[in-house]
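Shown next: my_file-v4.txt, containing compact mmCIF, C-alpha atoms.
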# COMPACT_ATOMS: atom_id res chain seq x y z
CA MET A 1 0.00 0.00 0.00
CA LYS A 2 2.75 2.41 0.90
CA ARG A 3 4.49 1.80 -2.45
CA LYS A 4 1.22 2.49 -4.35
CA MET A 5 0.68 5.69 -2.36
CA TRP A 6 4.18 6.98 -3.18
CA VAL A 7 3.69 6.19 -6.89
CA SER A 8 0.37 8.08 -6.86
CA LEU A 9 1.91 11.13 -5.19
CA ALA A 10 4.81 11.12 -7.63
CA LEU A 11 2.44 11.06 -10.64
CA SER A 12 0.44 13.93 -9.17
CA ALA A 13 3.61 15.98 -8.73
CA VAL A 14 4.58 15.34 -12.35
CA LEU A 15 1.15 16.50 -13.57
CA VAL A 16 1.27 19.66 -11.48
CA THR A 17 4.75 20.45 -12.78
CA ALA A 18 3.64 19.86 -16.37
CA VAL A 19 0.72 22.27 -16.03
CA GLY A 20 2.95 24.91 -14.43
CA CYS A 21 5.41 24.77 -17.33
CA GLY A 22 2.81 24.98 -20.08
CA ASP A 23 3.18 27.52 -22.92
CA LYS A 24 2.53 31.03 -21.70
CA PRO A 25 0.41 33.19 -23.99
CA GLU A 26 2.30 35.75 -26.03
CA GLY A 27 2.14 39.26 -24.57
CA GLY A 28 0.63 40.19 -21.24
CA SER A 29 0.38 37.94 -18.23
CA THR A 30 -2.14 35.34 -17.15
CA GLU A 31 -4.15 35.85 -14.02
CA THR A 32 -6.96 33.93 -12.36
CA GLY A 33 -10.37 35.53 -12.72
CA SER A 34 -12.32 36.68 -9.69
CA GLY A 35 -14.41 33.51 -9.72
CA GLY A 36 -11.26 31.36 -9.56
CA ASP A 37 -12.48 29.20 -12.44
CA ALA A 38 -11.32 31.17 -15.45
CA GLU A 39 -8.06 32.65 -16.56
CA LYS A 40 -7.81 36.23 -17.80
CA LYS A 41 -4.89 37.63 -19.65
CA SER A 42 -3.83 41.05 -18.44
CA TYR A 43 -1.84 43.60 -20.40
CA SER A 44 0.40 46.42 -19.33
CA ILE A 45 0.08 49.57 -21.45
CA ALA A 46 1.96 52.83 -20.98
CA ILE A 47 0.64 56.10 -22.40
CA SER A 48 2.73 59.22 -22.92
CA GLN A 49 0.58 62.30 -23.66
CA TYR A 50 2.22 65.65 -24.34
CA VAL A 51 -0.37 67.96 -22.84
CA GLU A 52 -3.97 67.97 -21.66
CA HIS A 53 -6.42 69.59 -24.04
CA PRO A 54 -9.80 68.43 -25.36
CA SER A 55 -8.57 66.76 -28.57
CA LEU A 56 -5.73 64.81 -26.95
CA ASP A 57 -7.90 63.85 -23.98
CA ALA A 58 -10.63 62.63 -26.35
CA THR A 59 -8.00 60.63 -28.24
CA ARG A 60 -6.92 58.88 -25.03
CA GLU A 61 -10.55 58.18 -24.10
CA GLY A 62 -11.15 56.63 -27.53
CA ILE A 63 -8.10 54.38 -27.17
CA LEU A 64 -9.25 53.10 -23.79
CA ALA A 65 -12.80 52.60 -25.10
CA ALA A 66 -11.57 50.38 -27.94
CA LEU A 67 -9.50 48.34 -25.51
CA LYS A 68 -12.48 47.97 -23.18
CA ASP A 69 -14.72 46.86 -26.05
CA ALA A 70 -12.12 44.17 -26.75
CA GLY A 71 -12.19 42.99 -23.14
CA ILE A 72 -9.14 44.89 -21.89
CA SER A 73 -9.93 47.28 -19.04
CA GLU A 74 -8.78 48.31 -15.59
CA GLU A 75 -12.25 47.49 -14.23
CA ASP A 76 -11.80 43.85 -15.23
CA ASN A 77 -8.22 43.71 -13.99
CA THR A 78 -7.10 42.96 -17.54
CA LEU A 79 -5.32 46.28 -18.03
CA LYS A 80 -2.48 47.80 -16.06
CA LEU A 81 -2.34 51.39 -17.27
CA ASP A 82 0.66 53.65 -16.77
CA TYR A 83 -0.55 57.12 -17.84
CA ASN A 84 2.03 59.89 -18.12
CA ASN A 85 1.45 63.54 -19.09
CA ALA A 86 4.35 65.84 -19.93
CA GLN A 87 2.28 68.95 -19.12
CA ASN A 88 3.54 70.73 -22.23
CA ASP A 89 7.15 70.50 -21.02
CA SER A 90 9.90 69.10 -23.27
CA THR A 91 12.06 68.04 -20.34
CA ASN A 92 9.19 66.07 -18.81
CA ASN A 93 8.50 64.58 -22.22
CA HIS A 94 11.99 63.11 -22.56
CA THR A 95 12.09 61.94 -18.94
CA ILE A 96 8.86 60.00 -19.52
CA ALA A 97 10.23 58.41 -22.70
CA GLN A 98 13.41 57.30 -20.90
CA LYS A 99 11.32 55.79 -18.11
CA LEU A 100 9.16 53.87 -20.57
CA LYS A 101 12.24 52.48 -22.29
CA ASP A 102 12.97 50.37 -19.22
CA SER A 103 9.38 49.68 -18.21
CA LYS A 104 7.70 46.28 -18.45
CA ALA A 105 4.87 47.59 -20.61
CA ASP A 106 3.62 45.28 -23.37
CA LEU A 107 2.87 48.32 -25.52
CA VAL A 108 3.58 52.06 -25.43
CA VAL A 109 1.12 54.60 -26.86
CA ALA A 110 2.34 58.14 -27.54
CA ILE A 111 -0.22 60.92 -28.05
CA ALA A 112 0.87 64.03 -30.01
CA THR A 113 3.97 64.48 -32.15
CA PRO A 114 6.48 65.62 -29.45
CA SER A 115 5.65 62.60 -27.29
CA ALA A 116 5.71 60.24 -30.25
CA GLN A 117 9.16 61.50 -31.30
CA ALA A 118 10.57 61.18 -27.79
CA VAL A 119 9.15 57.67 -27.28
CA ALA A 120 10.24 56.47 -30.73
CA ASN A 121 13.79 57.65 -30.04
CA GLU A 122 14.00 55.80 -26.73
CA VAL A 123 11.78 52.71 -26.94
CA LYS A 124 13.20 50.21 -29.43
CA GLU A 125 12.27 46.84 -27.93
CA LYS A 126 8.49 47.22 -27.54
CA PRO A 127 5.62 47.98 -29.91
CA VAL A 128 4.93 51.71 -30.08
CA LEU A 129 1.69 53.23 -31.37
CA PHE A 130 1.29 56.94 -32.02
CA ALA A 131 -1.87 59.06 -32.21
CA ALA A 132 -2.64 62.72 -32.93
CA VAL A 133 0.37 63.04 -35.23
CA THR A 134 -0.12 65.13 -38.35
CA ASP A 135 2.80 64.03 -40.51
CA PRO A 136 4.57 60.81 -39.40
CA LEU A 137 7.08 61.09 -42.26
CA ASP A 138 8.11 64.67 -41.52
CA ALA A 139 8.28 63.84 -37.82
CA LYS A 140 10.62 60.94 -38.77
CA LEU A 141 8.52 58.39 -36.92
CA VAL A 142 8.36 56.07 -39.93
CA SER A 143 9.89 56.07 -43.39
CA ASP A 144 7.00 54.32 -45.16
CA LEU A 145 3.32 54.92 -44.44
CA GLN A 146 2.18 51.62 -45.94
CA LYS A 147 4.83 49.39 -44.37
CA PRO A 148 6.56 51.11 -41.42
CA GLY A 149 9.09 48.29 -41.02
CA GLY A 150 10.10 48.97 -37.40
CA ASN A 151 8.50 48.84 -33.96
CA VAL A 152 6.51 52.06 -34.52
CA THR A 153 3.16 52.56 -36.25
CA GLY A 154 -0.07 54.43 -35.55
CA ALA A 155 -2.63 56.85 -36.91
CA SER A 156 -2.23 60.30 -38.37
CA ASP A 157 -4.81 62.83 -37.25
CA THR A 158 -4.95 64.77 -40.46
CA ASN A 159 -6.14 64.40 -43.95
CA PRO A 160 -4.55 67.09 -46.14
CA GLU A 161 -7.95 67.54 -47.74
CA ALA A 162 -9.33 68.92 -44.47
CA THR A 163 -7.14 72.05 -44.56
CA LYS A 164 -7.86 72.57 -48.25
CA GLN A 165 -11.62 72.23 -47.76
CA LEU A 166 -11.62 74.67 -44.83
CA MET A 167 -9.64 77.29 -46.73
CA ASN A 168 -11.96 76.89 -49.72
CA PHE A 169 -14.95 77.36 -47.39
CA VAL A 170 -13.47 80.60 -46.05
CA SER A 171 -12.75 81.99 -49.50
CA THR A 172 -16.24 81.08 -50.75
CA HIS A 173 -18.33 82.41 -47.88
CA PHE A 174 -16.15 85.25 -46.58
CA PRO A 175 -15.29 87.34 -49.67
CA ASN A 176 -14.15 90.23 -47.49
CA VAL A 177 -11.41 88.16 -45.88
CA LYS A 178 -8.12 89.12 -47.53
CA LYS A 179 -5.71 88.37 -44.66
CA ILE A 180 -5.92 85.48 -42.19
CA GLY A 181 -3.94 85.60 -38.95
CA LEU A 182 -2.26 82.33 -37.91
CA ILE A 183 -0.97 81.90 -34.34
CA ILE A 184 1.70 79.22 -34.60
CA ASP A 185 4.49 77.44 -32.74
CA GLU A 186 6.94 77.02 -35.62
CA GLY A 187 8.91 74.50 -33.59
CA GLU A 188 6.08 71.98 -33.94
CA ALA A 189 6.21 69.91 -37.11
CA ASN A 190 2.41 69.45 -37.17
CA ALA A 191 1.81 73.17 -37.31
CA VAL A 192 4.42 73.90 -39.96
CA VAL A 193 3.09 71.25 -42.36
CA MET A 194 -0.52 72.41 -42.03
CA ALA A 195 0.41 76.09 -42.30
CA LYS A 196 2.21 75.41 -45.55
CA THR A 197 -0.85 73.67 -46.99
CA ALA A 198 -3.15 76.50 -45.87
CA GLU A 199 -0.82 79.14 -47.30
CA GLU A 200 -0.71 77.41 -50.69
CA VAL A 201 -4.49 77.09 -50.92
CA LEU A 202 -5.13 80.65 -49.74
CA ALA A 203 -2.67 81.99 -52.29
CA GLU A 204 -4.84 80.49 -55.02
CA HIS A 205 -7.70 82.67 -53.74
CA GLY A 206 -5.59 85.79 -53.33
CA ILE A 207 -5.66 85.58 -49.51
CA GLU A 208 -2.54 86.23 -47.42
CA LEU A 209 -1.59 84.21 -44.34
CA VAL A 210 -0.10 86.44 -41.63
CA LYS A 211 1.81 84.54 -38.92
CA ALA A 212 2.27 85.41 -35.25
CA SER A 213 4.77 82.99 -33.73
CA VAL A 214 4.83 81.71 -30.16
CA THR A 215 7.26 79.49 -28.27
CA ASN A 216 4.99 78.60 -25.37
CA THR A 217 1.32 78.71 -24.42
CA SER A 218 1.67 81.84 -22.27
CA GLU A 219 2.46 83.85 -25.43
CA VAL A 220 -0.75 82.89 -27.30
CA LYS A 221 -2.88 85.74 -25.94
CA GLN A 222 -0.30 88.36 -26.87
CA ALA A 223 0.12 86.84 -30.33
CA ALA A 224 -3.63 86.96 -30.97
CA GLU A 225 -3.84 90.57 -29.81
CA SER A 226 -0.90 91.51 -32.04
CA LEU A 227 -2.95 90.46 -35.08
CA VAL A 228 -5.99 92.62 -34.28
CA GLY A 229 -6.35 95.34 -36.90
CA LYS A 230 -4.02 93.51 -39.27
CA VAL A 231 -6.16 90.54 -40.32
CA ASP A 232 -9.78 89.75 -41.20
CA ALA A 233 -9.95 86.28 -39.60
CA PHE A 234 -8.04 83.96 -37.23
CA TYR A 235 -6.94 80.40 -37.98
CA ILE A 236 -5.02 77.79 -35.98
CA THR A 237 -3.61 74.39 -36.93
CA LEU A 238 -3.33 71.22 -34.82
CA ASP A 239 -0.69 73.03 -32.79
CA ASN A 240 -0.48 71.71 -29.22
CA ARG A 241 0.91 74.82 -27.54
CA VAL A 242 -1.56 77.07 -29.35
CA VAL A 243 -4.58 74.81 -28.80
CA SER A 244 -3.72 74.71 -25.10
CA GLY A 245 -4.18 78.48 -25.00
CA VAL A 246 -7.17 78.66 -27.33
CA ASP A 247 -9.45 80.30 -24.75
CA THR A 248 -7.50 83.55 -25.11
CA ILE A 249 -7.86 83.44 -28.90
CA ILE A 250 -11.61 82.93 -28.63
CA GLN A 251 -11.85 85.84 -26.22
CA THR A 252 -9.78 88.15 -28.44
CA ALA A 253 -11.71 87.15 -31.55
CA GLN A 254 -15.09 87.71 -29.90
CA GLN A 255 -14.13 91.09 -28.47
CA ASN A 256 -12.99 92.29 -31.89
CA LYS A 257 -15.62 90.47 -34.02
CA ILE A 258 -12.97 88.50 -35.93
CA PRO A 259 -14.17 85.15 -37.37
CA PHE A 260 -12.15 82.28 -35.88
CA PHE A 261 -11.49 79.03 -37.79
CA SER A 262 -9.73 76.06 -36.21
CA SER A 263 -8.44 72.65 -37.29
CA ASP A 264 -10.22 70.42 -34.79
CA ARG A 265 -13.78 69.75 -33.74
CA ASP A 266 -13.11 70.19 -30.02
CA THR A 267 -12.01 73.81 -30.49
CA VAL A 268 -15.19 74.51 -32.47
CA GLU A 269 -17.25 72.97 -29.68
CA LYS A 270 -15.38 75.27 -27.32
CA GLY A 271 -16.17 78.43 -29.28
CA ALA A 272 -14.41 78.71 -32.64
CA PHE A 273 -16.77 79.12 -35.59
CA ALA A 274 -15.87 76.34 -38.05
CA THR A 275 -13.52 73.56 -39.08
CA VAL A 276 -13.37 70.61 -41.44
CA GLY A 277 -12.61 67.62 -39.30
CA PHE A 278 -13.71 64.57 -37.35
CA LYS A 279 -14.13 63.39 -33.78
CA TYR A 280 -10.85 62.82 -31.94
CA TYR A 281 -12.58 60.15 -29.88
CA ASP A 282 -13.05 58.18 -33.13
CA HIS A 283 -9.40 58.77 -34.03
CA GLY A 284 -8.35 57.37 -30.64
CA TYR A 285 -10.71 54.43 -31.04
CA GLN A 286 -8.95 53.60 -34.32
CA VAL A 287 -5.59 53.53 -32.49
CA GLY A 288 -7.11 51.41 -29.73
CA GLN A 289 -8.19 48.86 -32.32
CA MET A 290 -4.60 48.73 -33.59
CA ALA A 291 -3.45 48.09 -30.02
CA VAL A 292 -5.85 45.16 -29.78
CA GLU A 293 -4.48 43.71 -33.01
CA ILE A 294 -0.97 43.82 -31.56
CA LEU A 295 -1.82 42.54 -28.10
CA LYS A 296 -4.40 39.90 -28.89
CA ASN A 297 -3.70 38.89 -32.46
CA GLY A 298 0.08 39.17 -32.52
CA LYS A 299 0.31 41.69 -35.36
CA LYS A 300 3.64 43.45 -35.77
CA PRO A 301 3.87 47.27 -36.05
CA ALA A 302 6.26 46.80 -38.95
CA ASP A 303 3.42 45.37 -41.05
CA MET A 304 0.64 47.75 -39.96
CA GLU A 305 -0.20 50.63 -42.31
CA ILE A 306 -0.46 54.19 -40.95
CA THR A 307 -4.12 55.16 -40.95
CA LYS A 308 -5.76 58.59 -41.29
CA PRO A 309 -9.28 59.99 -40.82
CA ASP A 310 -11.44 59.51 -43.87
CA LYS A 311 -14.85 60.79 -42.68
CA LEU A 312 -14.34 64.53 -43.03
CA ASP A 313 -17.18 66.99 -42.61
CA LEU A 314 -17.69 70.71 -42.17
CA ILE A 315 -18.48 71.49 -38.53
CA LEU A 316 -20.20 74.79 -37.67
CA ASN A 317 -20.85 76.38 -34.30
CA VAL A 318 -23.95 78.47 -35.03
CA LYS A 319 -24.19 79.65 -31.43
CA ALA A 320 -20.62 80.97 -31.52
CA ALA A 321 -21.18 82.67 -34.88
CA ALA A 322 -23.17 85.45 -33.24
CA ASP A 323 -20.20 86.25 -30.98
CA TYR A 324 -18.09 86.94 -34.08
CA GLY A 325 -20.78 88.86 -35.94
CA ILE A 326 -21.17 86.08 -38.52
CA GLU A 327 -24.45 85.44 -40.32
CA VAL A 328 -24.75 81.70 -40.87
CA THR A 329 -26.35 81.29 -44.29
CA ASP A 330 -28.28 78.36 -45.72
CA ALA A 331 -25.48 77.92 -48.25
CA MET A 332 -23.00 77.37 -45.41
CA LYS A 333 -25.27 74.82 -43.71
CA GLN A 334 -25.82 72.95 -46.97
CA GLU A 335 -22.12 72.10 -47.05
CA VAL A 336 -22.47 70.10 -43.83
CA LYS A 337 -22.96 66.41 -44.67
CA ASP A 338 -24.21 65.39 -41.22
CA PRO A 339 -26.11 68.44 -39.92
CA ASP A 340 -27.58 66.57 -36.95
CA ASN A 341 -24.13 66.05 -35.46
CA ASN A 342 -22.01 68.74 -37.06
CA ILE A 343 -24.11 71.90 -36.78
CA ILE A 344 -23.75 73.00 -33.18
CA GLU A 345 -26.72 75.13 -32.18

Starting from the file, give its structure as structure tokens.
Amino acid sequence: MKRKMWVSLALSAVLVTAVGCGDKPEGGSTETGSGGDAEKKSYSIAISQYVEHPSLDATREGILAALKDAGISEEDNTLKLDYNNAQNDSTNNHTIAQKLKDSKADLVVAIATPSAQAVANEVKEKPVLFAAVTDPLDAKLVSDLQKPGGNVTGASDTNPEATKQLMNFVSTHFPNVKKIGLIIDEGEANAVVMAKTAEEVLAEHGIELVKASVTNTSEVKQAAESLVGKVDAFYITLDNRVVSGVDTIIQTAQQNKIPFFSSDRDTVEKGAFATVGFKYYDHGYQVGQMAVEILKNGKKPADMEITKPDKLDLILNVKAAADYGIEVTDAMKQEVKDPDNNIIE
């Protein structure tokens, strides 16, 4: 009997050892569910966001929503999130990127061009996804939009057609606008690329782009005020430092009855008059879906094409129009494809 008992115990030990050494799923870690009868895979994701403003915050919310819809969330203990915000500070931005280089994250997501550049320069051994980046080629994040080839891929937040369509809208419906004032941080690649496109389109209509440069958000108010009396309208690109100080532009524009056009929906919702754009939440959701493909389906960033928004529409803030002395005509409204969602009353 004793010999049989020892044989039985030995077999049990072998079986336990075999189970413990089974193949571990790729990416993430395996944890026991709360009921103790099911295993859940958890993932560690680090986010580096350059600054807090409505568009970038909405992007992050969209990313997390896509992950949650795929069964990856903090609420279910299937996501360990390391969220970092550089607070519009380049030094913080690089410190965060260096920290993430040595982290145990399964995936790093960088939101906005400065953060994406810093992370891409530091993190070489993990998948990196970027969001809210206007020109990934100019920012030197990838060398090929269709086949990035490295550990970095993501989604651009601009379609060059959006800037062109907005400038065409201005020239069509605002014949008295001959000079447009642009507040810009010329150290940000996003802003420079979009400004060049706007300048080229406006030149075709005989409209001049007048720039007022800033190097930080605290200078935005002064830059806007410096343009009063010199221009017939204001315009801003997807420029993080400028968007962070957009309240002062809105205030200056309203006080002086200067029409204000922006490059993102969130700024229009805040008080600018019009843009041609999309929802940044949807843009973030698109990036979140890419994260799921990497984490759950084993896709490699090298093989994942850079995406861009393709559902552009004119977005009008009719309520804000009155503050700028703008009469919103039927012809303007007829250019909006989805009036229920994109005409803000």

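The spacing separating atom CA of A:Asn88 from atom CA of A:Ser115 amounts to 9.8 Å.
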
Using all atoms listed in the file, which residues sit within 9 Å of stretch 279-294 of chain A once same-chain residues fewer than 5 positions away are excluded, as a ChimeraX atom specification?
/A:27,54-67,70,72,107,109,127,129-132,154-157,264-266,299-301,304,307-309

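Those residues that approach A:Ile180 to within 7 Å, counting only C-alpha atoms, are Lys178, Leu182, Glu208, Leu209, Val210, Val231, Asp232, Ala233, Phe234 and Tyr235 of chain A; same-chain residues fewer than 2 positions away are not listed.
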
Closest of A:Val336, A:Val220, A:Ala302, A:Val51 to A:Leu141, counting only C-alpha atoms, is A:Ala302

May I have a table of the residues of stretch 75-114 of chain A lying at most 8 Å from stretch 119-122 of chain A, giving each one's closest pair of atoms and their distance in Å to one decimal, counting only C-alpha atoms, ordered by chain and ascending residue number, as CSV?
residue,atom,partner,partner_atom,distance
A:His94,CA,A:Val119,CA,7.7
A:Ala97,CA,A:Val119,CA,4.8
A:Gln98,CA,A:Glu122,CA,6.0
A:Leu100,CA,A:Val119,CA,7.7
A:Lys101,CA,A:Glu122,CA,5.8
A:Ala110,CA,A:Val119,CA,6.8

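Using only C-alpha atoms, the shortest contact distance between A:Asp330 and any of A:His173, A:Lys104, A:Lys296, A:Lys80 is found at A:His173.
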
Practice prompt. Find the residues near A:Ile183: any atom within 7 Å, counting all atoms listed in the file, skip ones fewer than 3 places away on the same chain, and give them as a PyMOL selection string.
Written response: chain A and resi 211-213+223-224+236+242

A straight line from atom CA of A:Gln165 to atom CA of A:Thr215 spans 28.1 Å

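Here atom CA of A:Asn317 is placed at a distance of 17.7 Å from atom CA of A:Thr163.
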
Taking every listed atom of stretch 73-76 of chain A and adding 4 Å to each side, what centre and edge lengths in Å (one decimal) does the axis-aligned box have, as AutoDock Vina command-line options?
--center_x -10.5 --center_y 46.1 --center_z -16.6 --size_x 11.5 --size_y 12.5 --size_z 12.8

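Residue nearest A:Ser244 within the list A:Glu219, A:Val228, A:Ile207, A:Thr113: A:Glu219 [criterion: smallest interatomic distance, all atoms listed in the file].
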
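Nearest residue to A:Asp82, choosing from A:Ile306, A:Val170, A:Ile47, A:Val243 and counting all atoms listed in the file: A:Ile47.
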
Protein and nucleic acid residues near (-8.1, 74.5, -42.9) (cut-off 9 Å, only C-alpha atoms) as a PyMOL selection string | chain A and resi 160-170+194-195+197-198+235-237+261-263+275-277
